[in-house]
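Asker: File my_file-v4.txt below, compact mmCIF, C-alpha atoms (C1' of nucleotides):
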```
# COMPACT_ATOMS: atom_id res chain seq x y z
CA MET A 1 59.42 75.33 88.65
CA SER A 2 60.60 78.37 90.52
CA PRO A 3 57.67 80.76 90.44
CA ASP A 4 59.99 83.72 90.63
CA LEU A 5 62.70 82.38 88.38
CA HIS A 6 61.92 85.08 85.90
CA ALA A 7 61.71 87.74 88.59
CA THR A 8 65.16 86.74 89.83
CA ALA A 9 66.57 86.72 86.35
CA ALA A 10 65.11 90.14 85.64
CA ALA A 11 66.53 91.50 88.88
CA ARG A 12 70.01 90.21 88.20
CA LEU A 13 69.99 91.64 84.72
CA ARG A 14 68.76 94.96 86.04
CA ASP A 15 71.64 95.04 88.51
CA ASP A 16 73.91 94.61 85.53
CA GLY A 17 72.19 97.40 83.62
CA GLN A 18 70.49 95.02 81.22
CA ARG A 19 66.88 94.34 80.25
CA TYR A 20 64.98 91.09 80.47
CA THR A 21 63.87 90.83 76.87
CA SER A 22 61.73 88.18 75.24
CA ASN A 23 64.74 86.46 73.72
CA ARG A 24 66.43 86.24 77.09
CA ARG A 25 63.25 85.04 78.72
CA ALA A 26 62.89 82.37 76.05
CA LEU A 27 66.44 81.15 76.70
CA VAL A 28 65.86 80.98 80.44
CA GLU A 29 62.60 79.11 79.88
CA ALA A 30 64.26 76.59 77.62
CA LEU A 31 67.03 75.98 80.13
CA ASP A 32 64.50 75.65 82.92
CA GLU A 33 62.49 73.08 80.99
CA ALA A 34 65.54 70.99 80.16
CA GLU A 35 66.82 68.72 82.87
CA HIS A 36 70.40 68.82 81.68
CA PRO A 37 72.79 71.39 80.20
CA LEU A 38 72.02 72.36 76.61
CA THR A 39 74.25 73.26 73.70
CA ILE A 40 73.44 76.21 71.46
CA PRO A 41 72.07 73.96 68.69
CA GLU A 42 69.85 72.24 71.23
CA LEU A 43 68.63 75.56 72.51
CA LEU A 44 67.90 76.81 69.02
CA ALA A 45 66.01 73.64 68.25
CA ARG A 46 63.69 74.39 71.15
CA ARG A 47 63.28 78.07 70.45
CA THR A 48 63.55 78.39 66.69
CA ALA A 49 62.69 82.07 66.73
CA ILE A 50 66.10 83.03 68.09
CA PRO A 51 68.93 83.60 65.63
CA GLN A 52 72.25 82.06 66.51
CA SER A 53 74.14 85.27 67.10
CA SER A 54 71.50 86.56 69.48
CA ALA A 55 71.62 83.32 71.38
CA TYR A 56 75.37 83.61 71.84
CA ARG A 57 75.13 87.25 72.77
CA ASN A 58 72.30 86.84 75.20
CA LEU A 59 73.82 83.82 76.87
CA ALA A 60 76.98 85.84 77.40
CA VAL A 61 74.92 88.57 79.03
CA LEU A 62 73.02 86.08 81.15
CA GLU A 63 76.28 84.53 82.23
CA ARG A 64 77.76 87.86 83.28
CA ALA A 65 74.60 88.64 85.22
CA GLY A 66 74.85 85.32 87.04
CA VAL A 67 71.70 83.80 85.62
CA VAL A 68 73.28 80.97 83.64
CA ASP A 69 76.50 78.98 83.85
CA ARG A 70 78.53 78.03 80.84
CA LEU A 71 80.22 74.68 80.99
CA VAL A 72 82.83 73.40 78.65
CA THR A 73 83.27 69.69 78.15
CA THR A 74 85.38 67.81 75.66
CA ASP A 75 82.38 68.17 73.41
CA GLU A 76 82.63 70.49 70.45
CA PHE A 77 79.89 72.78 71.78
CA ALA A 78 79.73 74.73 74.99
CA ARG A 79 76.76 73.91 77.20
CA PHE A 80 74.55 76.16 79.27
CA GLU A 81 72.45 75.62 82.36
CA LEU A 82 70.72 77.83 84.89
CA ALA A 83 73.05 79.18 87.55
CA GLU A 84 73.54 76.84 90.48
CA ASP A 85 71.75 78.99 93.01
CA LEU A 86 68.65 79.00 90.81
CA THR A 87 68.53 75.22 90.75
CA GLU A 88 69.63 72.39 92.96
CA HIS A 89 73.32 71.81 93.41
CA HIS A 90 74.23 68.87 91.25
CA HIS A 91 77.06 67.18 89.39
CA HIS A 92 77.47 66.01 85.84
CA LEU A 93 77.80 62.67 84.17
CA ILE A 94 79.80 63.27 81.04
CA CYS A 95 79.79 60.52 78.43
CA SER A 96 83.17 60.26 76.75
CA GLY A 97 81.53 58.41 73.89
CA CYS A 98 78.80 60.73 72.66
CA GLY A 99 79.43 63.85 74.72
CA ALA A 100 76.04 63.72 76.40
CA VAL A 101 75.78 65.41 79.77
CA ALA A 102 73.31 64.29 82.43
CA ASP A 103 72.66 65.79 85.84
CA VAL A 104 73.05 63.83 89.04
CA ALA A 105 71.84 65.06 92.39
CA ALA A 106 74.45 65.96 94.97
CA ASP A 107 74.67 64.24 98.33
CA PRO A 108 74.72 67.00 100.98
CA ARG A 109 76.84 64.87 103.28
CA ILE A 110 79.53 64.47 100.67
CA GLU A 111 79.27 68.08 99.61
CA GLU A 112 80.18 69.12 103.09
CA LEU A 113 83.28 66.96 103.10
CA ILE A 114 84.45 68.04 99.69
CA GLU A 115 83.93 71.64 100.62
CA GLN A 116 86.02 71.34 103.75
CA ALA A 117 88.87 69.22 102.50
CA VAL A 118 89.29 71.00 99.28
CA THR A 119 88.89 74.56 100.43
CA LYS A 120 91.51 74.07 103.09
CA ALA A 121 94.04 72.79 100.60
CA ALA A 122 93.28 75.63 98.21
CA THR A 123 93.36 78.57 100.59
CA ALA A 124 96.76 77.40 101.77
CA SER A 125 98.08 78.66 98.43
CA GLY A 126 96.20 81.95 98.49
CA PHE A 127 93.42 80.71 96.25
CA ARG A 128 89.89 81.85 97.04
CA VAL A 129 87.44 79.10 96.14
CA ASP A 130 84.09 80.26 94.79
CA ALA A 131 82.66 76.95 93.67
CA HIS A 132 83.53 73.34 93.19
CA ARG A 133 82.66 71.13 90.28
CA VAL A 134 82.46 67.38 90.46
CA ASP A 135 82.14 65.67 87.11
CA LEU A 136 81.98 61.95 86.46
CA VAL A 137 83.48 60.87 83.19
CA GLY A 138 82.46 57.55 81.72
CA ARG A 139 80.10 55.85 79.33
CA CYS A 140 76.37 56.34 79.17
CA ALA A 141 74.02 53.36 78.84
CA THR A 142 74.00 53.47 75.04
CA CYS A 143 77.74 54.04 74.66
CA VAL A 144 79.12 51.24 76.82
CA ALA A 145 81.46 49.50 74.39
CA MET B 146 110.15 61.36 87.91
CA SER B 147 108.89 58.04 86.69
CA PRO B 148 111.96 56.25 85.40
CA ASP B 149 109.86 54.27 82.96
CA LEU B 150 107.52 57.03 81.97
CA HIS B 151 108.82 56.86 78.45
CA ALA B 152 108.71 53.09 78.43
CA THR B 153 105.08 53.18 79.47
CA ALA B 154 104.24 55.81 76.90
CA ALA B 155 105.96 53.81 74.19
CA ALA B 156 104.12 50.68 75.21
CA ARG B 157 100.73 52.35 75.15
CA LEU B 158 101.39 53.83 71.75
CA ARG B 159 102.53 50.49 70.45
CA ASP B 160 99.29 48.91 71.65
CA ASP B 161 97.52 51.51 69.57
CA GLY B 162 99.66 50.79 66.54
CA GLN B 163 101.64 54.01 66.84
CA ARG B 164 105.31 54.87 67.23
CA TYR B 165 107.00 56.80 69.99
CA THR B 166 108.71 59.42 67.90
CA SER B 167 110.97 62.23 69.02
CA ASN B 168 108.17 64.78 68.76
CA ARG B 169 105.94 62.70 70.95
CA ARG B 170 108.71 62.09 73.42
CA ALA B 171 109.40 65.82 73.56
CA LEU B 172 105.75 66.52 74.34
CA VAL B 173 105.68 63.92 77.08
CA GLU B 174 108.87 65.34 78.55
CA ALA B 175 107.52 68.87 78.56
CA LEU B 176 104.34 67.74 80.29
CA ASP B 177 106.33 65.76 82.80
CA GLU B 178 108.52 68.76 83.64
CA ALA B 179 105.55 71.07 84.11
CA GLU B 180 103.73 70.84 87.38
CA HIS B 181 100.41 71.94 85.96
CA PRO B 182 98.44 71.41 82.73
CA LEU B 183 99.84 73.22 79.70
CA THR B 184 98.19 74.85 76.73
CA ILE B 185 99.49 74.32 73.22
CA PRO B 186 101.20 77.72 73.15
CA GLU B 187 102.89 76.93 76.45
CA LEU B 188 104.01 73.59 75.12
CA LEU B 189 105.39 75.14 71.96
CA ALA B 190 107.25 77.73 73.99
CA ARG B 191 109.05 74.94 75.79
CA ARG B 192 109.75 72.84 72.75
CA THR B 193 110.12 75.28 69.91
CA ALA B 194 111.16 72.64 67.46
CA ILE B 195 107.63 71.28 67.18
CA PRO B 196 105.30 72.86 64.65
CA GLN B 197 101.80 73.60 65.84
CA SER B 198 100.00 71.12 63.65
CA SER B 199 102.28 68.31 64.76
CA ALA B 200 101.66 69.23 68.36
CA TYR B 201 97.91 69.02 67.90
CA ARG B 202 98.16 65.82 65.94
CA ASN B 203 100.53 64.12 68.34
CA LEU B 204 98.60 65.18 71.40
CA ALA B 205 95.49 63.68 69.86
CA VAL B 206 97.36 60.43 69.31
CA LEU B 207 98.77 60.50 72.83
CA GLU B 208 95.31 61.10 74.19
CA ARG B 209 93.82 58.17 72.28
CA ALA B 210 96.65 55.97 73.54
CA GLY B 211 95.90 57.02 77.12
CA VAL B 212 99.21 58.79 77.71
CA VAL B 213 97.85 62.32 78.15
CA ASP B 214 94.55 63.83 79.24
CA ARG B 215 93.01 66.81 77.56
CA LEU B 216 91.15 69.20 79.77
CA VAL B 217 88.93 71.98 78.67
CA THR B 218 88.36 74.98 80.88
CA THR B 219 86.57 78.22 80.19
CA ASP B 220 89.93 79.32 78.88
CA GLU B 221 90.30 79.77 75.16
CA PHE B 222 92.91 77.04 74.89
CA ALA B 223 92.64 73.38 75.74
CA ARG B 224 95.16 72.13 78.28
CA PHE B 225 97.08 68.90 78.41
CA GLU B 226 98.61 66.89 81.23
CA LEU B 227 100.01 63.39 81.64
CA ALA B 228 97.33 60.77 82.14
CA GLU B 229 96.25 60.36 85.74
CA ASP B 230 97.69 56.90 86.19
CA LEU B 231 101.11 58.19 85.16
CA THR B 232 101.06 60.85 87.83
CA GLU B 233 99.48 61.37 91.22
CA HIS B 234 95.74 61.75 91.38
CA HIS B 235 95.02 65.43 91.87
CA HIS B 236 92.47 68.14 91.36
CA HIS B 237 92.59 71.52 89.71
CA LEU B 238 92.33 75.06 90.93
CA ILE B 239 90.93 77.04 88.04
CA CYS B 240 91.21 80.81 88.24
CA SER B 241 88.17 82.46 86.75
CA GLY B 242 90.15 85.65 86.39
CA CYS B 243 93.18 84.70 84.34
CA GLY B 244 92.42 81.11 83.39
CA ALA B 245 95.46 79.73 85.18
CA VAL B 246 95.23 76.13 86.29
CA ALA B 247 97.14 74.81 89.30
CA ASP B 248 97.29 71.30 90.66
CA VAL B 249 96.27 70.41 94.18
CA ALA B 250 96.93 67.06 95.78
CA ALA B 251 93.98 64.84 96.52
CA ASP B 252 93.10 63.66 100.01
CA PRO B 253 92.78 59.87 99.79
CA ARG B 254 90.17 59.82 102.53
CA ILE B 255 87.92 62.19 100.64
CA GLU B 256 88.63 60.46 97.35
CA GLU B 257 87.22 57.29 98.75
CA LEU B 258 84.00 58.98 99.81
CA ILE B 259 83.52 60.79 96.55
CA GLU B 260 84.14 57.62 94.64
CA GLN B 261 81.54 55.70 96.61
CA ALA B 262 78.77 58.26 96.78
CA VAL B 263 79.04 59.39 93.28
CA THR B 264 79.52 56.05 91.58
CA LYS B 265 76.46 54.67 93.26
CA ALA B 266 74.31 57.51 92.03
CA ALA B 267 75.69 57.18 88.53
CA THR B 268 75.44 53.44 88.05
CA ALA B 269 71.81 53.63 89.06
CA SER B 270 71.17 55.21 85.67
CA GLY B 271 73.24 52.75 83.67
CA PHE B 272 76.26 55.01 83.53
CA ARG B 273 79.68 53.39 83.87
CA VAL B 274 82.03 55.78 85.65
CA ASP B 275 85.63 55.71 84.47
CA ALA B 276 86.96 58.71 86.35
CA HIS B 277 85.89 61.62 88.46
CA ARG B 278 87.08 65.18 88.22
CA VAL B 279 86.98 67.65 91.05
CA ASP B 280 87.76 71.20 90.05
CA LEU B 281 87.79 74.24 92.30
CA VAL B 282 86.79 77.46 90.59
CA GLY B 283 87.82 80.74 92.15
CA ARG B 284 90.46 83.42 92.15
CA CYS B 285 94.18 82.91 92.32
CA ALA B 286 96.32 85.02 94.62
CA THR B 287 97.01 87.67 92.00
CA CYS B 288 93.44 87.84 90.69
CA VAL B 289 91.50 88.33 93.93
CA ALA B 290 89.46 91.43 93.15
C1' DC C 291 64.95 111.00 70.99
C1' DT C 292 68.22 107.65 73.02
C1' DC C 293 70.30 103.68 73.63
C1' DA C 294 70.14 98.77 74.50
C1' DG C 295 68.75 94.87 71.81
C1' DT C 296 68.36 92.50 67.32
C1' DG C 297 69.65 90.02 63.16
C1' DC C 298 72.16 89.38 59.15
C1' DA C 299 76.47 88.68 57.25
C1' DA C 300 81.28 88.68 57.67
C1' DA C 301 85.37 88.15 60.56
C1' DG C 302 88.18 85.77 64.21
C1' DG C 303 90.76 82.19 65.95
C1' DA C 304 91.67 77.55 67.94
C1' DT C 305 91.86 73.26 65.87
C1' DT C 306 91.84 70.08 61.90
C1' DT C 307 93.12 68.31 57.48
C1' DG C 308 95.17 67.66 52.43
C1' DC C 309 99.12 66.69 50.35
C1' DA C 310 103.85 65.95 49.24
C1' DT C 311 107.99 64.50 51.60
C1' DG C 312 110.91 62.09 55.07
C1' DC C 313 111.89 58.25 57.79
C1' DC C 314 111.51 54.00 60.63
C1' DG C 315 110.95 49.08 60.22
C1' DC D 316 109.47 49.20 49.46
C1' DG D 317 105.11 50.31 52.85
C1' DG D 318 103.07 52.99 55.89
C1' DC D 319 103.24 56.04 59.66
C1' DA D 320 104.94 60.65 60.84
C1' DT D 321 105.95 65.38 59.51
C1' DG D 322 105.26 70.23 58.18
C1' DC D 323 103.53 73.64 55.56
C1' DA D 324 99.50 75.81 54.06
C1' DA D 325 94.73 75.97 53.52
C1' DA D 326 90.26 74.72 55.23
C1' DT D 327 86.81 73.99 59.22
C1' DC D 328 83.71 75.49 62.25
C1' DC D 329 82.33 77.29 66.84
C1' DT D 330 82.02 81.75 68.33
C1' DT D 331 82.43 86.74 68.11
C1' DT D 332 81.75 91.18 66.02
C1' DG D 333 80.45 95.28 62.67
C1' DC D 334 76.75 97.60 61.23
C1' DA D 335 72.29 99.21 60.23
C1' DC D 336 67.64 98.80 62.11
C1' DT D 337 64.01 98.30 65.57
C1' DG D 338 61.69 99.07 69.87
C1' DA D 339 61.13 100.12 74.73
C1' DG D 340 61.32 104.00 78.08
```
Can I see the file as structure tokens?
Answerer:
Amino acid sequence: MSPDLHATAAARLRDDGQRYTSNRRALVEALDEAEHPLTIPELLARRTAIPQSSAYRNLAVLERAGVVDRLVTTDEFARFELAEDLTEHHHHLICSGCGAVADVAADPRIEELIEQAVTKAATASGFRVDAHRVDLVGRCATCVA
Amino acid sequence: MSPDLHATAAARLRDDGQRYTSNRRALVEALDEAEHPLTIPELLARRTAIPQSSAYRNLAVLERAGVVDRLVTTDEFARFELAEDLTEHHHHLICSGCGAVADVAADPRIEELIEQAVTKAATASGFRVDAHRVDLVGRCATCVA
DNA sequence: CTCAGTGCAAAGGATTTGCATGCCG
DNA sequence: CGGCATGCAAATCCTTTGCACTGAG
């Protein structure tokens, strides 16, 4: 995908005083290959060489450096994806049946409106908005009762 | 607020084969009094009579019956609020500094647009949308760095 | 050498559950 | 009585952490 995805990741880690090691590169690669947020078990299944504790630790580092985002659903596992500015802005379809999370492209026209309406309401109360998240909760094709 | 909040809650529980006990009523009352989603510790602080395990168990029951919604943030605790159709539709301001969650009223005009744009995209992939969630992530007044 | 990164194993902590008891219907 | 609800305590299980070791600079 991004030819300089790894260069960007390395740079952000360097700014945070961290190295871009093979484990971290492997995690970024796995997240880049996936087209939806992955849980730790899913990540480990794709990169078996990485022990669990290293995965948790490195994902925490990558999150602090702004390379990955952690998202928490009602699912039992946290999910990880590449940071928004390294991918396309998108939203999530969260299946309340099986916990699956799929990506859905964002409509720039709507984005604009959300941004405006919502930021205005928030700043009125002294809140500084950094990002918005739009998630659709429902049933995926295989879980429709 | 809702004069028949408790009646509705009782009815929904009954449909699920459950009773509306005093513990459950106390939880619903506490959530109704609060003007933002509460964690379990916060709930217990307001209704000290309820033991932790009962709180968890009853909130799970209330969630299944559609009386409360559970929301998971990056915070360490899950948060609970009354189900959307028992309150006003609203969104959340989530502070990435302290984990606080505040409610913000929804703009019906924007709601409409989100609903349309997003549901169309989702149904295209066989996903049946039940609800949408719009969360603003940022810094609350006391956490702005 | 030095110090961040690694990996194993053990700890932490929110949430869940087993079991005996209480209570509504 | 019958079965849900309760509460205590103990178990679960995702996630974090201590510690000794390895490797890059």
Asker: Measure the distance from C1' of DA335 in chain D to CA of Ala60 in chain A in Å and round it to one decimal.
Answerer: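 Answer for the C1' of DA335 in chain D to CA of Ala60 in chain A separation: 22.3 Å.
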Asker: Given identical sequences, can you show me chain A least-squares superposed on chain B via all its Cα atoms in order, as a PDB file with C-alpha atoms, keeping the file's coordinate frame?
Answerer:
```
ATOM      1  CA  MET A   1     110.369  61.502  87.726  1.00  0.00           C
ATOM      2  CA  SER A   2     109.062  58.149  86.636  1.00  0.00           C
ATOM      3  CA  PRO A   3     112.092  56.303  85.327  1.00  0.00           C
ATOM      4  CA  ASP A   4     109.941  54.300  82.974  1.00  0.00           C
ATOM      5  CA  LEU A   5     107.575  57.060  81.981  1.00  0.00           C
ATOM      6  CA  HIS A   6     108.908  56.889  78.482  1.00  0.00           C
ATOM      7  CA  ALA A   7     108.811  53.101  78.438  1.00  0.00           C
ATOM      8  CA  THR A   8     105.153  53.195  79.460  1.00  0.00           C
ATOM      9  CA  ALA A   9     104.346  55.809  76.888  1.00  0.00           C
ATOM     10  CA  ALA A  10     106.091  53.817  74.183  1.00  0.00           C
ATOM     11  CA  ALA A  11     104.227  50.675  75.191  1.00  0.00           C
ATOM     12  CA  ARG A  12     100.843  52.344  75.110  1.00  0.00           C
ATOM     13  CA  LEU A  13     101.524  53.832  71.722  1.00  0.00           C
ATOM     14  CA  ARG A  14     102.698  50.479  70.433  1.00  0.00           C
ATOM     15  CA  ASP A  15      99.454  48.897  71.607  1.00  0.00           C
ATOM     16  CA  ASP A  16      97.695  51.510  69.534  1.00  0.00           C
ATOM     17  CA  GLY A  17      99.862  50.791  66.505  1.00  0.00           C
ATOM     18  CA  GLN A  18     101.805  54.020  66.842  1.00  0.00           C
ATOM     19  CA  ARG A  19     105.483  54.889  67.233  1.00  0.00           C
ATOM     20  CA  TYR A  20     107.137  56.836  70.007  1.00  0.00           C
ATOM     21  CA  THR A  21     108.817  59.495  67.918  1.00  0.00           C
ATOM     22  CA  SER A  22     111.050  62.326  69.041  1.00  0.00           C
ATOM     23  CA  ASN A  23     108.246  64.854  68.770  1.00  0.00           C
ATOM     24  CA  ARG A  24     106.006  62.741  70.956  1.00  0.00           C
ATOM     25  CA  ARG A  25     108.797  62.151  73.420  1.00  0.00           C
ATOM     26  CA  ALA A  26     109.451  65.884  73.573  1.00  0.00           C
ATOM     27  CA  LEU A  27     105.780  66.560  74.336  1.00  0.00           C
ATOM     28  CA  VAL A  28     105.716  63.961  77.091  1.00  0.00           C
ATOM     29  CA  GLU A  29     108.915  65.394  78.558  1.00  0.00           C
ATOM     30  CA  ALA A  30     107.519  68.896  78.568  1.00  0.00           C
ATOM     31  CA  LEU A  31     104.339  67.756  80.280  1.00  0.00           C
ATOM     32  CA  ASP A  32     106.344  65.787  82.808  1.00  0.00           C
ATOM     33  CA  GLU A  33     108.504  68.786  83.650  1.00  0.00           C
ATOM     34  CA  ALA A  34     105.524  71.083  84.107  1.00  0.00           C
ATOM     35  CA  GLU A  35     103.685  70.833  87.377  1.00  0.00           C
ATOM     36  CA  HIS A  36     100.366  71.907  85.938  1.00  0.00           C
ATOM     37  CA  PRO A  37      98.403  71.372  82.718  1.00  0.00           C
ATOM     38  CA  LEU A  38      99.816  73.197  79.702  1.00  0.00           C
ATOM     39  CA  THR A  39      98.157  74.831  76.730  1.00  0.00           C
ATOM     40  CA  ILE A  40      99.493  74.312  73.220  1.00  0.00           C
ATOM     41  CA  PRO A  41     101.180  77.741  73.161  1.00  0.00           C
ATOM     42  CA  GLU A  42     102.845  76.942  76.467  1.00  0.00           C
ATOM     43  CA  LEU A  43     104.016  73.619  75.149  1.00  0.00           C
ATOM     44  CA  LEU A  44     105.387  75.181  71.994  1.00  0.00           C
ATOM     45  CA  ALA A  45     107.201  77.780  74.036  1.00  0.00           C
ATOM     46  CA  ARG A  46     109.041  74.998  75.833  1.00  0.00           C
ATOM     47  CA  ARG A  47     109.765  72.904  72.784  1.00  0.00           C
ATOM     48  CA  THR A  48     110.146  75.387  69.956  1.00  0.00           C
ATOM     49  CA  ALA A  49     111.190  72.729  67.481  1.00  0.00           C
ATOM     50  CA  ILE A  50     107.659  71.370  67.186  1.00  0.00           C
ATOM     51  CA  PRO A  51     105.316  72.963  64.664  1.00  0.00           C
ATOM     52  CA  GLN A  52     101.816  73.678  65.848  1.00  0.00           C
ATOM     53  CA  SER A  53     100.034  71.180  63.655  1.00  0.00           C
ATOM     54  CA  SER A  54     102.306  68.367  64.761  1.00  0.00           C
ATOM     55  CA  ALA A  55     101.691  69.274  68.356  1.00  0.00           C
ATOM     56  CA  TYR A  56      97.939  69.052  67.876  1.00  0.00           C
ATOM     57  CA  ARG A  57      98.221  65.837  65.939  1.00  0.00           C
ATOM     58  CA  ASN A  58     100.577  64.155  68.326  1.00  0.00           C
ATOM     59  CA  LEU A  59      98.635  65.189  71.388  1.00  0.00           C
ATOM     60  CA  ALA A  60      95.547  63.665  69.809  1.00  0.00           C
ATOM     61  CA  VAL A  61      97.454  60.433  69.283  1.00  0.00           C
ATOM     62  CA  LEU A  62      98.831  60.496  72.805  1.00  0.00           C
ATOM     63  CA  GLU A  63      95.356  61.071  74.141  1.00  0.00           C
ATOM     64  CA  ARG A  64      93.908  58.127  72.239  1.00  0.00           C
ATOM     65  CA  ALA A  65      96.737  55.940  73.493  1.00  0.00           C
ATOM     66  CA  GLY A  66      96.002  56.971  77.070  1.00  0.00           C
ATOM     67  CA  VAL A  67      99.257  58.783  77.684  1.00  0.00           C
ATOM     68  CA  VAL A  68      97.876  62.294  78.118  1.00  0.00           C
ATOM     69  CA  ASP A  69      94.561  63.793  79.185  1.00  0.00           C
ATOM     70  CA  ARG A  70      93.014  66.769  77.502  1.00  0.00           C
ATOM     71  CA  LEU A  71      91.140  69.131  79.740  1.00  0.00           C
ATOM     72  CA  VAL A  72      88.891  71.906  78.659  1.00  0.00           C
ATOM     73  CA  THR A  73      88.336  74.879  80.908  1.00  0.00           C
ATOM     74  CA  THR A  74      86.572  78.138  80.232  1.00  0.00           C
ATOM     75  CA  ASP A  75      89.921  79.247  78.912  1.00  0.00           C
ATOM     76  CA  GLU A  76      90.299  79.767  75.198  1.00  0.00           C
ATOM     77  CA  PHE A  77      92.900  76.999  74.889  1.00  0.00           C
ATOM     78  CA  ALA A  78      92.628  73.339  75.700  1.00  0.00           C
ATOM     79  CA  ARG A  79      95.137  72.087  78.254  1.00  0.00           C
ATOM     80  CA  PHE A  80      97.091  68.863  78.394  1.00  0.00           C
ATOM     81  CA  GLU A  81      98.611  66.861  81.210  1.00  0.00           C
ATOM     82  CA  LEU A  82     100.013  63.375  81.617  1.00  0.00           C
ATOM     83  CA  ALA A  83      97.349  60.729  82.096  1.00  0.00           C
ATOM     84  CA  GLU A  84      96.247  60.306  85.688  1.00  0.00           C
ATOM     85  CA  ASP A  85      97.705  56.857  86.148  1.00  0.00           C
ATOM     86  CA  LEU A  86     101.125  58.166  85.127  1.00  0.00           C
ATOM     87  CA  THR A  87     101.044  60.828  87.813  1.00  0.00           C
ATOM     88  CA  GLU A  88      99.434  61.309  91.172  1.00  0.00           C
ATOM     89  CA  HIS A  89      95.695  61.695  91.318  1.00  0.00           C
ATOM     90  CA  HIS A  90      94.998  65.356  91.814  1.00  0.00           C
ATOM     91  CA  HIS A  91      92.430  68.092  91.318  1.00  0.00           C
ATOM     92  CA  HIS A  92      92.555  71.473  89.678  1.00  0.00           C
ATOM     93  CA  LEU A  93      92.325  75.015  90.884  1.00  0.00           C
ATOM     94  CA  ILE A  94      90.913  76.997  88.013  1.00  0.00           C
ATOM     95  CA  CYS A  95      91.207  80.771  88.210  1.00  0.00           C
ATOM     96  CA  SER A  96      88.147  82.429  86.727  1.00  0.00           C
ATOM     97  CA  GLY A  97      90.137  85.623  86.363  1.00  0.00           C
ATOM     98  CA  CYS A  98      93.159  84.663  84.290  1.00  0.00           C
ATOM     99  CA  GLY A  99      92.367  81.074  83.357  1.00  0.00           C
ATOM    100  CA  ALA A 100      95.415  79.687  85.122  1.00  0.00           C
ATOM    101  CA  VAL A 101      95.201  76.084  86.243  1.00  0.00           C
ATOM    102  CA  ALA A 102      97.125  74.762  89.240  1.00  0.00           C
ATOM    103  CA  ASP A 103      97.278  71.231  90.586  1.00  0.00           C
ATOM    104  CA  VAL A 104      96.250  70.342  94.105  1.00  0.00           C
ATOM    105  CA  ALA A 105      96.949  66.996  95.691  1.00  0.00           C
ATOM    106  CA  ALA A 106      93.998  64.743  96.394  1.00  0.00           C
ATOM    107  CA  ASP A 107      93.124  63.559  99.877  1.00  0.00           C
ATOM    108  CA  PRO A 108      92.784  59.752  99.694  1.00  0.00           C
ATOM    109  CA  ARG A 109      90.194  59.766 102.454  1.00  0.00           C
ATOM    110  CA  ILE A 110      87.961  62.128 100.546  1.00  0.00           C
ATOM    111  CA  GLU A 111      88.594  60.353  97.280  1.00  0.00           C
ATOM    112  CA  GLU A 112      87.174  57.220  98.759  1.00  0.00           C
ATOM    113  CA  LEU A 113      84.001  58.970  99.830  1.00  0.00           C
ATOM    114  CA  ILE A 114      83.480  60.749  96.555  1.00  0.00           C
ATOM    115  CA  GLU A 115      84.035  57.539  94.690  1.00  0.00           C
ATOM    116  CA  GLN A 116      81.438  55.685  96.708  1.00  0.00           C
ATOM    117  CA  ALA A 117      78.724  58.286  96.932  1.00  0.00           C
ATOM    118  CA  VAL A 118      78.948  59.381  93.401  1.00  0.00           C
ATOM    119  CA  THR A 119      79.346  56.051  91.696  1.00  0.00           C
ATOM    120  CA  LYS A 120      76.295  54.709  93.447  1.00  0.00           C
ATOM    121  CA  ALA A 121      74.150  57.584  92.276  1.00  0.00           C
ATOM    122  CA  ALA A 122      75.456  57.252  88.735  1.00  0.00           C
ATOM    123  CA  THR A 123      75.141  53.515  88.235  1.00  0.00           C
ATOM    124  CA  ALA A 124      71.533  53.766  89.346  1.00  0.00           C
ATOM    125  CA  SER A 125      70.862  55.382  85.966  1.00  0.00           C
ATOM    126  CA  GLY A 126      72.884  52.897  83.943  1.00  0.00           C
ATOM    127  CA  PHE A 127      75.927  55.130  83.741  1.00  0.00           C
ATOM    128  CA  ARG A 128      79.333  53.483  84.012  1.00  0.00           C
ATOM    129  CA  VAL A 129      81.743  55.836  85.752  1.00  0.00           C
ATOM    130  CA  ASP A 130      85.330  55.718  84.525  1.00  0.00           C
ATOM    131  CA  ALA A 131      86.742  58.702  86.357  1.00  0.00           C
ATOM    132  CA  HIS A 132      85.766  61.627  88.481  1.00  0.00           C
ATOM    133  CA  ARG A 133      86.987  65.170  88.221  1.00  0.00           C
ATOM    134  CA  VAL A 134      86.946  67.633  91.061  1.00  0.00           C
ATOM    135  CA  ASP A 135      87.727  71.187  90.058  1.00  0.00           C
ATOM    136  CA  LEU A 136      87.787  74.225  92.305  1.00  0.00           C
ATOM    137  CA  VAL A 137      86.798  77.434  90.621  1.00  0.00           C
ATOM    138  CA  GLY A 138      87.864  80.708  92.159  1.00  0.00           C
ATOM    139  CA  ARG A 139      90.493  83.403  92.119  1.00  0.00           C
ATOM    140  CA  CYS A 140      94.218  82.869  92.241  1.00  0.00           C
ATOM    141  CA  ALA A 141      96.422  84.984  94.517  1.00  0.00           C
ATOM    142  CA  THR A 142      97.083  87.619  91.857  1.00  0.00           C
ATOM    143  CA  CYS A 143      93.497  87.801  90.608  1.00  0.00           C
ATOM    144  CA  VAL A 144      91.622  88.320  93.867  1.00  0.00           C
ATOM    145  CA  ALA A 145      89.629  91.457  93.096  1.00  0.00           C
TER     146      ALA A 145
END
```
Asker: Taking (89.2, 68.4, 64.7) in the file's own coordinates, collect the residues within 9 Å, counting only C-alpha atoms (C1' of nucleotides), and hand them back as a ChimeraX atom specification.
Answerer: /A:76 /C:305-307 /D:327
Asker: With only C-alpha atoms as the atoms that count, which of A:Lys120, A:Arg24, A:Arg19, A:His6 lies nearest to Asn58 in chain A?
Answerer: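 Among the listed residues, A:Arg24 lies closest to Asn58 in chain A.
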Asker: Near chain A, meaning an atom within 12 Å, which residues of chain D appear when counting all atoms listed in the file? Write them as a list in words.
Answerer: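 So the residues of chain D near chain A are DC328, DC329, DT330, DT331, DT332, DG338, DA339 and DG340 of chain D.
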